[in-house]
$ cat model-v9.txt   # compact mmCIF, N, CA and C atoms
# COMPACT_ATOMS: atom_id res chain seq x y z
N MET A 1 -5.11 -7.50 5.61
CA MET A 1 -3.90 -6.71 5.39
C MET A 1 -2.75 -7.25 6.24
N LEU A 2 -3.00 -7.45 7.52
CA LEU A 2 -1.92 -7.90 8.40
C LEU A 2 -1.40 -9.29 8.07
N PRO A 3 -2.26 -10.28 7.74
CA PRO A 3 -1.69 -11.60 7.40
C PRO A 3 -0.76 -11.55 6.20
N SER A 4 -1.07 -10.72 5.22
CA SER A 4 -0.19 -10.63 4.06
C SER A 4 1.16 -10.02 4.45
N ILE A 5 1.15 -9.08 5.39
CA ILE A 5 2.42 -8.49 5.86
C ILE A 5 3.25 -9.56 6.57
N PHE A 6 2.60 -10.36 7.42
CA PHE A 6 3.34 -11.40 8.12
C PHE A 6 3.86 -12.47 7.16
N MET A 7 3.09 -12.77 6.12
CA MET A 7 3.55 -13.73 5.12
C MET A 7 4.77 -13.18 4.38
N ALA A 8 4.73 -11.88 4.06
CA ALA A 8 5.87 -11.28 3.37
C ALA A 8 7.11 -11.28 4.27
N ILE A 9 6.92 -11.03 5.56
CA ILE A 9 8.06 -11.06 6.49
C ILE A 9 8.64 -12.47 6.56
N SER A 10 7.77 -13.48 6.61
CA SER A 10 8.27 -14.86 6.69
C SER A 10 9.00 -15.25 5.41
N VAL A 11 8.55 -14.74 4.27
CA VAL A 11 9.24 -15.02 3.01
C VAL A 11 10.63 -14.37 3.01
N ILE A 12 10.72 -13.16 3.56
CA ILE A 12 12.01 -12.45 3.57
C ILE A 12 13.03 -13.21 4.43
N PHE A 13 12.59 -13.79 5.54
CA PHE A 13 13.54 -14.44 6.45
C PHE A 13 13.81 -15.90 6.11
N GLU A 14 13.34 -16.36 4.95
CA GLU A 14 13.68 -17.72 4.54
C GLU A 14 15.13 -17.77 4.07
N LYS A 15 15.64 -18.99 3.92
CA LYS A 15 17.05 -19.17 3.55
C LYS A 15 17.31 -18.71 2.11
N SER A 16 16.41 -19.03 1.19
CA SER A 16 16.64 -18.66 -0.22
C SER A 16 16.33 -17.18 -0.39
N GLN A 17 17.37 -16.37 -0.46
CA GLN A 17 17.18 -14.93 -0.42
C GLN A 17 16.67 -14.37 -1.73
N TYR A 18 17.13 -14.86 -2.86
CA TYR A 18 16.76 -14.23 -4.12
C TYR A 18 15.75 -15.07 -4.89
N SER A 19 14.82 -15.69 -4.16
CA SER A 19 13.77 -16.44 -4.81
C SER A 19 12.70 -15.47 -5.31
N PHE A 20 11.74 -16.02 -6.03
CA PHE A 20 10.65 -15.20 -6.57
C PHE A 20 9.82 -14.59 -5.44
N GLY A 21 9.61 -15.35 -4.37
CA GLY A 21 8.83 -14.85 -3.24
C GLY A 21 9.52 -13.69 -2.55
N PHE A 22 10.86 -13.74 -2.51
CA PHE A 22 11.61 -12.65 -1.88
C PHE A 22 11.44 -11.36 -2.67
N VAL A 23 11.51 -11.47 -3.99
CA VAL A 23 11.35 -10.28 -4.84
C VAL A 23 9.94 -9.73 -4.71
N VAL A 24 8.94 -10.61 -4.68
CA VAL A 24 7.56 -10.16 -4.52
C VAL A 24 7.37 -9.48 -3.17
N ALA A 25 7.98 -10.04 -2.11
CA ALA A 25 7.86 -9.44 -0.78
C ALA A 25 8.52 -8.06 -0.73
N ILE A 26 9.67 -7.93 -1.36
CA ILE A 26 10.35 -6.63 -1.39
C ILE A 26 9.50 -5.60 -2.14
N LEU A 27 8.94 -6.00 -3.28
CA LEU A 27 8.08 -5.08 -4.03
C LEU A 27 6.84 -4.72 -3.24
N PHE A 28 6.27 -5.69 -2.51
CA PHE A 28 5.08 -5.43 -1.70
C PHE A 28 5.40 -4.42 -0.61
N PHE A 29 6.52 -4.63 0.10
CA PHE A 29 6.88 -3.70 1.17
C PHE A 29 7.23 -2.32 0.62
N TRP A 30 7.87 -2.28 -0.54
CA TRP A 30 8.22 -1.00 -1.15
C TRP A 30 6.97 -0.22 -1.52
N SER A 31 5.98 -0.90 -2.10
CA SER A 31 4.74 -0.22 -2.47
C SER A 31 3.97 0.22 -1.23
N LEU A 32 3.96 -0.64 -0.20
CA LEU A 32 3.26 -0.29 1.04
C LEU A 32 3.92 0.92 1.70
N LEU A 33 5.24 0.94 1.73
CA LEU A 33 5.98 2.04 2.33
C LEU A 33 5.77 3.33 1.55
N SER A 34 5.80 3.25 0.24
CA SER A 34 5.64 4.47 -0.56
C SER A 34 4.23 5.02 -0.45
N ILE A 35 3.22 4.14 -0.40
CA ILE A 35 1.84 4.61 -0.26
C ILE A 35 1.64 5.28 1.09
N SER A 36 2.17 4.67 2.16
CA SER A 36 1.98 5.25 3.49
C SER A 36 2.75 6.56 3.63
N LEU A 37 3.96 6.62 3.09
CA LEU A 37 4.74 7.87 3.17
C LEU A 37 4.08 8.98 2.37
N SER A 38 3.56 8.65 1.19
CA SER A 38 2.92 9.69 0.38
C SER A 38 1.65 10.19 1.04
N SER A 39 0.89 9.30 1.69
CA SER A 39 -0.32 9.76 2.36
C SER A 39 0.02 10.63 3.57
N ILE A 40 1.09 10.29 4.29
CA ILE A 40 1.51 11.12 5.43
C ILE A 40 1.96 12.49 4.94
N ILE A 41 2.72 12.53 3.84
CA ILE A 41 3.19 13.80 3.30
C ILE A 41 2.02 14.65 2.81
N ILE A 42 1.04 14.01 2.17
CA ILE A 42 -0.14 14.75 1.71
C ILE A 42 -0.89 15.35 2.89
N VAL A 43 -1.02 14.59 3.97
CA VAL A 43 -1.73 15.12 5.15
C VAL A 43 -0.95 16.25 5.78
N ILE A 44 0.38 16.09 5.92
CA ILE A 44 1.19 17.11 6.59
C ILE A 44 1.20 18.41 5.79
N PHE A 45 1.38 18.32 4.46
CA PHE A 45 1.47 19.53 3.66
C PHE A 45 0.11 20.00 3.16
N GLY A 46 -0.90 19.14 3.19
CA GLY A 46 -2.21 19.51 2.67
C GLY A 46 -2.99 20.41 3.60
N ILE A 47 -2.86 20.18 4.90
CA ILE A 47 -3.63 20.97 5.87
C ILE A 47 -3.22 22.44 5.86
N PRO A 48 -1.91 22.79 5.88
CA PRO A 48 -1.56 24.22 5.79
C PRO A 48 -1.97 24.86 4.47
N VAL A 49 -1.90 24.10 3.37
CA VAL A 49 -2.30 24.65 2.07
C VAL A 49 -3.78 24.97 2.08
N ILE A 50 -4.59 24.09 2.65
CA ILE A 50 -6.04 24.35 2.71
C ILE A 50 -6.31 25.55 3.61
N LYS A 51 -5.57 25.69 4.70
CA LYS A 51 -5.77 26.86 5.58
C LYS A 51 -5.40 28.15 4.86
N ILE A 52 -4.31 28.12 4.08
CA ILE A 52 -3.92 29.32 3.33
C ILE A 52 -4.97 29.65 2.27
N LEU A 53 -5.46 28.62 1.58
CA LEU A 53 -6.48 28.85 0.57
C LEU A 53 -7.78 29.34 1.20
N ASN A 54 -8.10 28.87 2.40
CA ASN A 54 -9.30 29.34 3.09
C ASN A 54 -9.17 30.81 3.46
N LYS A 55 -7.95 31.23 3.77
CA LYS A 55 -7.72 32.62 4.14
C LYS A 55 -8.05 33.55 2.98
N PHE A 56 -7.79 33.11 1.76
CA PHE A 56 -8.07 33.92 0.58
C PHE A 56 -9.40 33.55 -0.07
N ASN A 57 -10.22 32.75 0.62
CA ASN A 57 -11.54 32.32 0.14
C ASN A 57 -11.46 31.62 -1.22
N LEU A 58 -10.45 30.78 -1.41
CA LEU A 58 -10.31 30.05 -2.66
C LEU A 58 -10.95 28.66 -2.58
N VAL A 59 -11.21 28.19 -1.37
CA VAL A 59 -11.87 26.89 -1.20
C VAL A 59 -13.32 27.14 -0.84
N LYS A 60 -14.22 26.51 -1.59
CA LYS A 60 -15.65 26.74 -1.31
C LYS A 60 -16.20 25.64 -0.46

$ encode --input "model-v9.txt" --output "structure tokens"
Amino acid sequence: MLPSIFMAISVIFEKSQYSFGFVVAILFFWSLLSISLSSIIIVIFGIPVIKILNKFNLVK
């Protein structure tokens, strides 16, 4: 996982900004960022929801 991140960073800082590698690196970082943000949001909002559902015995 980490080597691919470093490769994407090196592609971003190359001189040719709008090459195919640059677009791939941007899409890679965008997908990585969206996946990590969505998992953080699920954890933050999921725990109180499970506690509320446990209070009403809706989770078995």

$ atom_distance --input "model-v9.txt" --atom1 "atom C of A:Phe45" --atom2 "atom C of A:Asn57"
17.0 Å

$ atom_distance --input "model-v9.txt" --atom1 "atom C of A:Phe56" --atom2 "atom CA of A:Leu37"
29.5 Å

$ axis_aligned_box --input "model-v9.txt" --around "stretch 27-46 of chain A" --padding-each-side "6 Å" --output "AutoDock Vina command-line options"
--center_x 3.0 --center_y 7.2 --center_z 1.3 --size_x 23.9 --size_y 38.4 --size_z 22.6

$ atom_distance --input "model-v9.txt" --atom1 "atom CA of A:Leu33" --atom2 "atom CA of A:Met7"
16.2 Å
